[in-house]
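Student: This one is work_2.txt, compact mmCIF, C-alpha atoms (C1' of nucleotides).
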```txt
# COMPACT_ATOMS: atom_id res chain seq x y z
CA MET V 17 -70.83 -21.09 21.09
CA PRO V 18 -71.05 -23.76 18.40
CA LYS V 19 -74.24 -25.69 17.90
CA GLU V 20 -73.33 -29.07 19.29
CA LEU V 21 -71.17 -28.87 22.37
CA THR V 22 -70.48 -32.53 22.90
CA PRO V 23 -68.19 -33.67 25.71
CA GLU V 24 -65.66 -34.62 23.08
CA ILE V 25 -65.64 -31.13 21.60
CA ILE V 26 -65.35 -29.61 25.05
CA SER V 27 -62.45 -31.87 25.85
CA LEU V 28 -60.68 -30.96 22.64
CA ALA V 29 -61.32 -27.28 23.25
CA VAL V 30 -59.77 -27.60 26.69
CA GLU V 31 -56.77 -29.33 25.18
CA ARG V 32 -56.33 -26.54 22.68
CA LEU V 33 -56.75 -23.84 25.30
CA ARG V 34 -54.20 -25.57 27.47
CA ALA V 35 -51.81 -25.60 24.54
CA LEU V 36 -52.13 -21.83 24.24
CA ALA V 37 -52.10 -21.19 27.98
CA ASP V 38 -48.35 -21.20 28.39
CA GLU V 39 -46.03 -18.27 28.15
CA THR V 40 -43.35 -20.01 26.11
CA ARG V 41 -45.86 -21.39 23.65
CA LEU V 42 -47.62 -18.07 23.34
CA ARG V 43 -44.31 -16.45 22.54
CA ILE V 44 -43.72 -19.14 19.94
CA MET V 45 -47.04 -18.24 18.37
CA ILE V 46 -46.16 -14.56 18.37
CA SER V 47 -42.83 -15.28 16.70
CA LEU V 48 -44.44 -17.51 14.10
CA ARG V 49 -47.11 -14.97 13.39
CA GLU V 50 -44.47 -12.38 12.71
CA ALA V 51 -42.04 -14.52 10.75
CA GLY V 52 -44.38 -16.83 8.87
CA GLU V 53 -42.31 -19.92 9.49
CA MET V 54 -39.22 -20.67 11.56
CA SER V 55 -36.86 -23.52 12.28
CA VAL V 56 -36.61 -24.96 15.77
CA ASN V 57 -33.21 -23.43 16.37
CA ASP V 58 -34.30 -20.02 15.18
CA LEU V 59 -37.27 -20.19 17.48
CA ALA V 60 -35.13 -21.32 20.38
CA ALA V 61 -32.75 -18.44 19.79
CA ASN V 62 -35.63 -16.03 19.49
CA LEU V 63 -37.13 -17.22 22.77
CA GLN V 64 -33.72 -17.47 24.42
CA GLN V 65 -34.63 -20.98 25.33
CA ASN V 66 -33.03 -24.40 24.95
CA GLN V 67 -33.58 -26.37 21.79
CA PRO V 68 -35.11 -29.42 23.52
CA ILE V 69 -37.59 -27.30 25.41
CA THR V 70 -38.57 -25.46 22.27
CA SER V 71 -38.99 -28.72 20.46
CA LYS V 72 -41.20 -30.08 23.19
CA HIS V 73 -43.45 -27.05 23.14
CA LEU V 74 -43.70 -27.23 19.38
CA SER V 75 -44.82 -30.82 19.58
CA VAL V 76 -47.59 -29.79 21.96
CA LEU V 77 -48.75 -27.13 19.54
CA LYS V 78 -48.54 -29.52 16.63
CA GLN V 79 -50.45 -32.25 18.40
CA THR V 80 -53.44 -29.97 18.78
CA GLY V 81 -53.32 -28.89 15.15
CA ILE V 82 -52.36 -25.31 15.91
CA VAL V 83 -49.10 -25.44 14.01
CA GLY V 84 -47.77 -27.56 11.19
CA SER V 85 -44.24 -28.44 10.17
CA ARG V 86 -42.23 -28.78 7.00
CA LYS V 87 -38.99 -30.63 6.76
CA ALA V 88 -36.13 -29.11 4.78
CA GLY V 89 -32.94 -31.08 5.03
CA THR V 90 -31.97 -31.39 8.64
CA GLN V 91 -34.17 -28.51 9.66
CA VAL V 92 -37.84 -28.50 10.49
CA PHE V 93 -39.80 -25.35 9.83
CA TYR V 94 -42.91 -24.72 11.83
CA PHE V 95 -45.78 -22.52 10.77
CA ILE V 96 -49.18 -21.64 12.04
CA LYS V 97 -51.81 -23.92 10.66
CA ASP V 98 -54.94 -22.51 12.21
CA ASP V 99 -55.27 -18.76 11.87
CA THR V 100 -58.15 -18.58 14.31
CA VAL V 101 -55.65 -18.72 17.16
CA PHE V 102 -54.69 -15.17 16.24
CA GLU V 103 -58.23 -14.01 16.77
CA VAL V 104 -58.25 -15.93 20.03
CA CYS V 105 -55.12 -14.12 21.16
CA ASP V 106 -56.55 -10.79 20.04
CA LEU V 107 -59.75 -11.37 21.94
CA VAL V 108 -58.00 -12.54 25.06
CA CYS V 109 -55.61 -9.63 25.00
CA ALA V 110 -58.46 -7.19 24.43
CA GLY V 111 -60.31 -8.64 27.40
CA VAL V 112 -57.16 -8.52 29.49
CA ARG V 113 -56.67 -4.87 28.63
CA ARG V 114 -60.20 -3.96 29.63
CA HIS V 115 -59.87 -5.81 32.91
CA HIS V 116 -56.48 -4.29 33.50
CA GLN V 117 -57.74 -0.79 32.89
CA ALA V 118 -60.74 -1.38 35.13
CA LEU V 119 -58.42 -2.48 37.91
CA SER V 120 -56.22 0.56 37.38
CA ARG V 121 -59.24 2.84 37.57
CA SER V 122 -60.52 1.34 40.80
CA ALA V 123 -57.02 1.41 42.25
CA GLY V 124 -56.80 5.07 41.38
CA ILE V 125 -60.10 5.75 43.08
CA LEU V 126 -59.11 3.98 46.25
CA MET X 22 -52.62 -9.36 17.82
CA PRO X 23 -52.93 -6.15 19.83
CA LYS X 24 -50.53 -3.32 19.20
CA GLU X 25 -48.33 -3.46 22.25
CA LEU X 26 -47.58 -6.98 23.38
CA THR X 27 -45.72 -6.20 26.55
CA PRO X 28 -44.54 -9.03 28.81
CA GLU X 29 -47.18 -7.97 31.29
CA ILE X 30 -49.98 -8.30 28.75
CA ILE X 31 -48.63 -11.67 27.65
CA SER X 32 -48.53 -12.84 31.23
CA LEU X 33 -52.10 -11.70 31.84
CA ALA X 34 -53.24 -13.35 28.62
CA VAL X 35 -51.67 -16.62 29.74
CA GLU X 36 -53.41 -16.30 33.08
CA ARG X 37 -56.75 -15.80 31.37
CA LEU X 38 -56.19 -18.65 28.95
CA ARG X 39 -55.28 -20.91 31.85
CA ALA X 40 -58.49 -19.90 33.56
CA LEU X 41 -60.44 -21.07 30.54
CA ALA X 42 -58.33 -24.16 29.91
CA ASP X 43 -60.12 -26.39 32.36
CA GLU X 44 -63.05 -28.60 31.69
CA THR X 45 -64.98 -27.75 34.85
CA ARG X 46 -64.51 -24.04 34.35
CA LEU X 47 -65.44 -24.26 30.69
CA ARG X 48 -68.62 -26.02 31.67
CA ILE X 49 -69.29 -23.27 34.20
CA MET X 50 -68.97 -20.76 31.40
CA ILE X 51 -71.35 -22.72 29.22
CA SER X 52 -73.90 -22.88 32.01
CA LEU X 53 -73.58 -19.18 32.75
CA ARG X 54 -73.89 -18.32 29.11
CA GLU X 55 -77.11 -20.23 28.91
CA ALA X 56 -78.64 -19.13 32.21
CA GLY X 57 -77.40 -15.57 32.49
CA GLU X 58 -76.55 -15.85 36.15
CA MET X 59 -76.49 -18.67 38.66
CA SER X 60 -75.86 -19.28 42.32
CA VAL X 61 -72.94 -21.44 43.42
CA ASN X 62 -75.19 -24.27 44.49
CA ASP X 63 -77.14 -24.22 41.24
CA LEU X 64 -73.91 -24.35 39.32
CA ALA X 65 -72.59 -27.17 41.45
CA ALA X 66 -75.77 -29.14 40.87
CA ASN X 67 -75.62 -28.41 37.18
CA LEU X 68 -72.02 -29.61 36.96
CA GLN X 69 -72.68 -32.50 39.31
CA GLN X 70 -69.74 -31.26 41.33
CA ASN X 71 -69.14 -30.40 44.98
CA GLN X 72 -69.91 -26.94 46.21
CA PRO X 73 -66.37 -26.19 47.45
CA ILE X 74 -64.85 -27.18 44.13
CA THR X 75 -67.33 -25.09 42.23
CA SER X 76 -66.63 -22.16 44.50
CA LYS X 77 -62.92 -22.50 43.97
CA HIS X 78 -63.26 -22.56 40.20
CA LEU X 79 -65.52 -19.53 40.32
CA SER X 80 -62.92 -17.64 42.29
CA VAL X 81 -60.37 -18.41 39.60
CA LEU X 82 -62.69 -17.09 36.93
CA LYS X 83 -63.49 -14.04 38.98
CA GLN X 84 -59.87 -13.26 39.72
CA THR X 85 -59.12 -12.94 36.01
CA GLY X 86 -62.13 -10.72 35.42
CA ILE X 87 -64.02 -13.25 33.33
CA VAL X 88 -67.00 -13.45 35.66
CA GLY X 89 -68.51 -11.16 38.24
CA SER X 90 -70.64 -11.85 41.26
CA ARG X 91 -73.66 -10.37 42.95
CA LYS X 92 -74.67 -11.11 46.51
CA ALA X 93 -78.30 -11.72 47.31
CA GLY X 94 -78.89 -12.74 50.89
CA THR X 95 -76.89 -15.83 51.61
CA GLN X 96 -76.51 -16.64 47.97
CA VAL X 97 -73.95 -15.37 45.50
CA PHE X 98 -74.90 -15.16 41.87
CA TYR X 99 -72.20 -15.33 39.27
CA PHE X 100 -72.45 -13.95 35.77
CA ILE X 101 -70.20 -13.49 32.83
CA LYS X 102 -68.48 -10.17 32.87
CA ASP X 103 -66.47 -10.31 29.68
CA ASP X 104 -68.45 -11.41 26.66
CA THR X 105 -65.34 -11.82 24.55
CA VAL X 106 -64.77 -15.18 26.16
CA PHE X 107 -67.73 -16.47 24.15
CA GLU X 108 -66.02 -15.50 20.95
CA VAL X 109 -62.88 -17.15 22.25
CA CYS X 110 -64.78 -20.36 22.88
CA ASP X 111 -66.46 -20.16 19.50
CA LEU X 112 -63.17 -19.70 17.74
CA VAL X 113 -61.46 -22.46 19.63
CA CYS X 114 -64.32 -24.84 19.04
CA ALA X 115 -64.39 -23.94 15.35
CA GLY X 116 -60.67 -24.63 15.10
CA VAL X 117 -61.10 -27.86 16.98
CA ARG X 118 -63.82 -28.98 14.59
CA ARG X 119 -61.69 -28.28 11.56
CA HIS X 120 -58.75 -30.15 13.02
CA HIS X 121 -61.02 -32.96 14.10
CA GLN X 122 -62.55 -33.27 10.64
CA ALA X 123 -59.15 -33.18 9.01
CA LEU X 124 -58.03 -36.03 11.24
CA SER X 125 -61.17 -37.98 10.42
CA ARG X 126 -60.58 -37.52 6.70
CA SER X 127 -57.00 -38.71 6.81
CA ALA X 128 -58.03 -41.61 9.02
CA GLY X 129 -60.64 -42.53 6.41
CA ILE X 130 -58.04 -42.46 3.68
CA LEU X 131 -55.64 -44.67 5.53
C1' DA Z 21 -78.94 -15.90 70.64
C1' DG Z 22 -79.27 -20.24 68.20
C1' DA Z 23 -80.23 -22.99 64.16
C1' DA Z 24 -80.13 -23.52 59.35
C1' DT Z 25 -78.52 -22.49 54.82
C1' DA Z 26 -75.15 -20.82 51.41
C1' DT Z 27 -70.54 -19.81 50.34
C1' DA Z 28 -65.51 -19.54 51.03
C1' DT Z 29 -61.25 -21.37 52.82
C1' DT Z 30 -57.88 -24.69 54.40
C1' DC Z 31 -55.40 -28.99 54.40
C1' DC Z 32 -54.17 -33.04 52.02
C1' DT Z 33 -53.01 -36.07 48.03
C1' DG Z 34 -52.15 -37.66 43.48
C1' DT Z 35 -51.22 -36.21 39.00
C1' DA Z 36 -49.63 -33.33 35.34
C1' DT Z 37 -46.23 -30.41 33.51
C1' DG Z 38 -42.44 -27.00 32.59
C1' DG Z 39 -37.54 -26.73 32.63
C1' DG Z 40 -32.78 -28.71 32.68
C1' DA Z 41 -29.27 -32.12 31.21
C1' DA Z 42 -28.04 -35.88 28.62
C1' DT Z 43 -28.90 -38.76 24.83
C1' DA Z 44 -30.91 -40.69 20.67
C1' DG Z 45 -32.33 -40.16 15.87
C1' DA Z 46 -32.29 -38.12 11.15
C1' DG Z 47 -30.24 -36.04 7.22
C1' DC Z 48 -26.32 -33.67 4.90
C1' DC Z 49 -21.39 -33.43 3.57
C1' DT Z 50 -16.63 -34.96 2.45
C1' DA B 20 -18.50 -44.85 6.42
C1' DG B 21 -17.55 -41.04 9.52
C1' DG B 22 -18.37 -36.63 11.17
C1' DC B 23 -21.39 -32.76 11.68
C1' DT B 24 -25.70 -30.23 12.32
C1' DC B 25 -30.41 -30.07 13.53
C1' DT B 26 -34.23 -32.03 15.89
C1' DA B 27 -36.69 -35.28 18.96
C1' DT B 28 -36.87 -38.03 23.09
C1' DT B 29 -35.94 -39.53 27.73
C1' DC B 30 -35.03 -39.06 32.62
C1' DC B 31 -35.18 -36.25 36.64
C1' DC B 32 -36.81 -32.62 39.74
C1' DA B 33 -39.58 -29.05 41.48
C1' DT B 34 -43.80 -26.86 41.14
C1' DA B 35 -48.68 -26.16 40.20
C1' DC B 36 -53.16 -27.56 40.45
C1' DA B 37 -57.65 -30.23 40.39
C1' DG B 38 -60.35 -32.81 43.46
C1' DG B 39 -61.95 -34.48 48.08
C1' DA B 40 -63.04 -33.81 53.00
C1' DA B 41 -63.51 -31.00 56.75
C1' DT B 42 -64.06 -26.56 58.53
C1' DA B 43 -64.73 -21.56 58.79
C1' DT B 44 -67.51 -17.49 57.56
C1' DA B 45 -71.68 -15.00 56.55
C1' DT B 46 -76.56 -14.28 56.34
C1' DT B 47 -81.32 -15.18 57.27
C1' DC B 48 -85.06 -16.83 60.19
C1' DT B 49 -87.40 -18.13 64.48
```
Rewrite the coordinates I just gave you, this time as structure tokens.
Tutor:
Amino acid sequence: MPKELTPEIISLAVERLRALADETRLRIMISLREAGEMSVNDLAANLQQNQPITSKHLSVLKQTGIVGSRKAGTQVFYFIKDDTVFEVCDLVCAGVRRHHQALSRSAGIL
Amino acid sequence: MPKELTPEIISLAVERLRALADETRLRIMISLREAGEMSVNDLAANLQQNQPITSKHLSVLKQTGIVGSRKAGTQVFYFIKDDTVFEVCDLVCAGVRRHHQALSRSAGIL
DNA sequence: AGAATATATTCCTGTATGGGAATAGAGCCT
DNA sequence: AGGCTCTATTCCCATACAGGAATATATTCT
């Protein structure tokens, strides 16, 4: 845990966690991680989701500083701005796996 | 990112992120990290929150495997079960700080 | 058993939010 | 300018959820 855990930092951390705690947004992050950068339409197609919804989710991610954007003509390319979110995802997934396996074990025992 | 990112793992990761993405629950985690383990009432007092609310949040954290509990008489002591959440918090807070500082800098320039 | 304490659960309410549909805005092209 | 493509925004609806109050459950003690 960081040195100074002020209420403001806590609040911002919650905001960032909330931004990641959504399936569509997490899938956006996964796509961006793989592709480097993507336009809104490409992302929407990749997620099999509407363009407006994709755009809205991207704005949430951008607001918290997780992703950035680059304009190229009529398109807007989004990219991951803060690489630490990858480590966050890795850690969360690792924890999920452990918990999942523990549950499977106890279910097997029962 | 872990090797196999199945829909199930993604869904579980979202569930765990959601569990952390709440100010009260994050403060519970901070308290537990500092104290090792705490009873529900102690936590409620520490958070200056009702006992039922604290209990409800603890059940959310427990459901996702983030915390565990130990019964001692009429009391129930909760403790952190998955240490990776600390690293998650550290990473998120670090990212938040960077973003926050970047915003401060650009605000100073303007 | 009855009282007291500690925890969990239920019901209710207001708010926040994800998704859908329609629309507005921005930039390129002829 | 007009049309076209891409993106952002708005409105609406249904759902989820945090918080509060009251209550139920469990355990210890006399």
Student: Please report, as JSON lines, each residue of chain X lying at most 12 Å from chain B, together with the nearest pair of atoms and the separation in Å rounded to one decimal; use only C-alpha atoms (C1' of nucleotides), and order rows by chain and ascending residue number.
Tutor:
```
{"residue": "X:Arg39", "atom": "CA", "partner": "B:DC36", "partner_atom": "C1'", "distance": 11.1}
{"residue": "X:Ala40", "atom": "CA", "partner": "B:DC36", "partner_atom": "C1'", "distance": 11.6}
{"residue": "X:Asp43", "atom": "CA", "partner": "B:DA37", "partner_atom": "C1'", "distance": 9.2}
{"residue": "X:Glu44", "atom": "CA", "partner": "B:DA37", "partner_atom": "C1'", "distance": 10.4}
{"residue": "X:Thr45", "atom": "CA", "partner": "B:DA37", "partner_atom": "C1'", "distance": 9.5}
{"residue": "X:Arg46", "atom": "CA", "partner": "B:DA37", "partner_atom": "C1'", "distance": 11.0}
{"residue": "X:Gln70", "atom": "CA", "partner": "B:DG38", "partner_atom": "C1'", "distance": 9.8}
{"residue": "X:Asn71", "atom": "CA", "partner": "B:DG39", "partner_atom": "C1'", "distance": 8.8}
{"residue": "X:Gln72", "atom": "CA", "partner": "B:DG39", "partner_atom": "C1'", "distance": 11.1}
{"residue": "X:Pro73", "atom": "CA", "partner": "B:DG39", "partner_atom": "C1'", "distance": 9.4}
{"residue": "X:Ile74", "atom": "CA", "partner": "B:DG38", "partner_atom": "C1'", "distance": 7.2}
{"residue": "X:Thr75", "atom": "CA", "partner": "B:DG38", "partner_atom": "C1'", "distance": 10.5}
{"residue": "X:Lys77", "atom": "CA", "partner": "B:DA37", "partner_atom": "C1'", "distance": 10.0}
{"residue": "X:His78", "atom": "CA", "partner": "B:DA37", "partner_atom": "C1'", "distance": 9.5}
{"residue": "X:Val81", "atom": "CA", "partner": "B:DC36", "partner_atom": "C1'", "distance": 11.7}
{"residue": "X:Lys92", "atom": "CA", "partner": "B:DT46", "partner_atom": "C1'", "distance": 10.5}
{"residue": "X:Ala93", "atom": "CA", "partner": "B:DT46", "partner_atom": "C1'", "distance": 9.5}
{"residue": "X:Gly94", "atom": "CA", "partner": "B:DT46", "partner_atom": "C1'", "distance": 6.1}
{"residue": "X:Thr95", "atom": "CA", "partner": "B:DT46", "partner_atom": "C1'", "distance": 5.0}
{"residue": "X:Gln96", "atom": "CA", "partner": "B:DT46", "partner_atom": "C1'", "distance": 8.7}
{"residue": "X:Val97", "atom": "CA", "partner": "B:DT46", "partner_atom": "C1'", "distance": 11.2}
```
Student: For atom CA of Ala37 of chain V and atom C1' of DG34 of chain Z, quote the distance in Å rounded to one decimal.
Tutor: 22.6 Å
Student: How many Å separate atom CA of Leu33 of chain V from atom CA of Ile31 of chain X?
Tutor: 14.8 Å
Student: Take the point (-66.8, -7.6, 32.8) in the file's coordinates, draw a sphere of radius 8 Å around it, and report as an MDAnalysis selection string every protein, DNA or RNA residue with an atom inside or on it, counting all atoms listed in the file.
Tutor: (chainID V and resid 115) or (chainID X and resid 86:89 101:104)
Student: How far is it from atom CA of Cys105 of chain V to atom CA of Arg126 of chain X, in Å with one decimal?
Tutor: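 A separation of 28.0 Å between them.
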Student: Could you check which of V:Leu77, V:Val108, V:Ala61, V:Ala118 is closest to Glu31 of chain V, using only C-alpha atoms?
Tutor: V:Leu77
Student: Mind listing as a list in words which residues of chain Z are within 8 Å of chain V, counting all atoms listed in the file?
Tutor: DG39, DA46, DG47 and DC48 of chain Z
Student: Which residues are near Arg43 of chain V? Cut-off 10 Å, only C-alpha atoms (C1' of nucleotides), ignore same chain within fewer than 5 positions. Put them as an NGL selection string.
Tutor: (:V and (36 or 38 or 48-49 or 59 or 62-63)) or (:X and (28 or 31))
Student: Smallest atom-to-atom distance to chain X: which of V:Cys109, V:Met45, V:Leu74, V:Met54, using only C-alpha atoms?
Tutor: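 Counting only C-alpha atoms, the residue closest to chain X is V:Cys109.
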Student: Which of these, X:Gln122, X:Ser76, X:Ser32, X:Thr27, has the shortest distance to chain V once you count only C-alpha atoms?
Tutor: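 Checking each candidate against chain V, we get X:Ser32 as the closest.
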Student: Can you pull out every residue within 9 Å of Ile46 of chain V, counting all atoms listed in the file, but drop anything in the same chain fewer than 4 positions away, and send it as a list of chain:residue names?
Tutor: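 The filter keeps V:Arg41, V:Leu42, V:Glu50, V:Ala51, V:Phe102, X:Met22.
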Student: Restricting the calculation to only C-alpha atoms: of V:Ser85, V:Ala29, V:Glu20, V:Asp58, which residue gets closest to chain X?
Tutor: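 Under the stated criterion, the closest residue is V:Ala29.
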Student: Tell me which of X:Ile30, X:Ile49, X:Ala128, X:Ala65 sits closest to chain V, counting only C-alpha atoms.
Tutor: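 The closest residue to chain V is X:Ile30.
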Student: Just want the 8 Å neighbourhood of Val104 of chain V, counted on all atoms listed in the file, with same-chain residues fewer than 6 positions away dropped. Output as a PDB file with C-alpha atoms, in the coordinates of the input.
Tutor:
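around18.pdb, written as the output of this step:
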```
ATOM      1  CA  GLU X 108     -66.020 -15.500  20.950  1.00  0.00           C
ATOM      2  CA  VAL X 109     -62.880 -17.150  22.250  1.00  0.00           C
ATOM      3  CA  LEU X 112     -63.170 -19.700  17.740  1.00  0.00           C
ATOM      4  CA  VAL X 113     -61.460 -22.460  19.630  1.00  0.00           C
TER       5      VAL X 113
END
```
